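Here the structure is laid out as structure tokens; the discussion comes afterwards.
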Amino acid sequence: MNWNVLLFQVFPYVALALLFVVSFQRMRGKPFSVSSLSSQLLERKLLFFGSIPFHWGILIILLGHLLAVLVPQGLLWWNAVPIRLFLLEITGLALALWTLGGLLVLLYRRLSNRRILAVTRPSDVIVLLLLLVSVVTGVLTAVLYRYGSYWFPSVFTPYLWSILTLRPRPELVADLPFWIQLHVFNFWVLLALFPFTRLIHIITVPLGYLWRPWQLAIWVRKHRRPAVPTAARPSAQPQTAEKGGAYGTD
């Protein structure tokens, strides 16, 4: 068994097994741990400038990869016209750089803010670093080995389907450049660590976070009882009922 088989045939199945088994066990045994554990209360400004570009950018990029896997012929049809191919490549690179900027802000925020660092677990930093590797290698692939949307359906789509259909073909990625192989292997590493980290909140499909208003946290204060006007205050002396008086008669 060579390294290519180990990294791109054996390890993917280990990652998928961990993804499904551990995620199921965590959701069943610790359902309240399936959360992003937001640190918005500790710091909001950098979170806004990092979270928005990262989440939107990575979501669109992942959707583009998914379309390349599900409808490769449609992607090839789109790229048949050069201007559309150039437009797609430029858009993808711009989204990757936008995502990279947001990710760097989030990483700086988590490591520079003392209050956030106090509640940061090692897995939080590891996830951010792995995501950084994924985005950086994706940018390098787009710059050094251009027109990835053109050769992706011919290389990675068959490879991913071979893994999912239990007929692995690791030879499809054996001769690819180092940065592309690192990009692929890092993807499987992220899947393997997915159920052990905050990334698991993705399976709850929190799509509402993309358009809900930004949360405003208000501290609970003890309110003083409002002063009762003098005219409305009850008399200190008990009143006696008189015939035809204020209390009326039978």
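Labeling convention for the structure tokens: chains A, B, ... as they appear, residues from 1 per chain, ligands from 1 in order of appearance.
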- Quick one: residues within 8 Å of region 72-82 of chain A, only C-alpha atoms counted, chain neighbours fewer than 5 positions away excluded, as JSON, numbers by chain? {"A": [67, 149, 150, 153, 157]}
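If you count only C-alpha atoms and ignore residues fewer than 4 places along the chain from Leu46 (chain A), what sits within 10 Å of it is Gln40, Gly50, Ser51, Gly102, Val105, Leu106, Tyr108, Arg109 and Arg110 of chain A.
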Using the selection just defined, write its residues with C-alpha atoms as a compact mmCIF listing (two decimals), in the first residue's frame.
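Final output, saved to again15.txt:
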```txt
# COMPACT_ATOMS: atom_id res chain seq x y z
CA GLN A 40 -21.01 37.61 19.98
CA GLY A 50 -15.24 38.41 9.68
CA SER A 51 -18.37 36.29 9.91
CA GLY A 102 -13.13 37.10 6.59
CA VAL A 105 -10.34 38.46 10.68
CA LEU A 106 -11.99 35.63 12.62
CA TYR A 108 -7.14 37.33 14.55
CA ARG A 109 -10.23 38.05 16.65
CA ARG A 110 -10.08 34.71 18.43
```
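CA of Leu18 (chain A) to CA of Phe185 (chain A) spans 15.4 Å [interatomic distance, one decimal].
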- Note on the structure: Counting only C-alpha atoms, the residue among A:Leu193, A:Leu199, A:Phe152, A:Leu132 that lies closest to Leu176 (chain A) is A:Phe152
- Message: Which residues are near region 139-146 of chain A? Cut-off 8 Å, only C-alpha atoms, ignore same chain within fewer than 4 positions. Put them as a list in words.
- Response: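 The filter keeps Glu89, Leu93, Ala96, Leu97, Val135, Trp179 and Ile180 of chain A.
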Go ahead and save the picked residues with C-alpha atoms, as a short mmCIF file (atom, residue, chain, number, x, y, z; two decimals), in the first residue's frame.
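After the write, out_8.cif holds the following:
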```cif
data_model
loop_
_atom_site.label_atom_id
_atom_site.label_comp_id
_atom_site.auth_asym_id
_atom_site.auth_seq_id
_atom_site.Cartn_x
_atom_site.Cartn_y
_atom_site.Cartn_z
CA GLU A 89 -13.07 31.81 -12.87
CA LEU A 93 -11.28 33.69 -7.25
CA ALA A 96 -12.15 32.85 -2.38
CA LEU A 97 -10.23 36.04 -1.58
CA VAL A 135 -8.95 28.39 1.31
CA TRP A 179 -1.15 22.01 -3.72
CA ILE A 180 -4.15 20.32 -5.30
#
```
- Take CA of Val71 (chain A) and CA of Ser154 (chain A) and report the distance between them in Å, one decimal. 11.8 Å
- Query: Quick one: residues within 12 Å of Leu59 (chain A), only C-alpha atoms counted, chain neighbours fewer than 4 positions away excluded, as a ChimeraX atom specification?
  - Reply: /A:51-55,63-66,92,95-96,98-99,202,205,207,210
- Note on the structure: Across A:Leu107, A:Leu7, A:Leu19, A:Leu85, the smallest distance to Phe194 (chain A), with only C-alpha atoms counted, is shown by A:Leu19
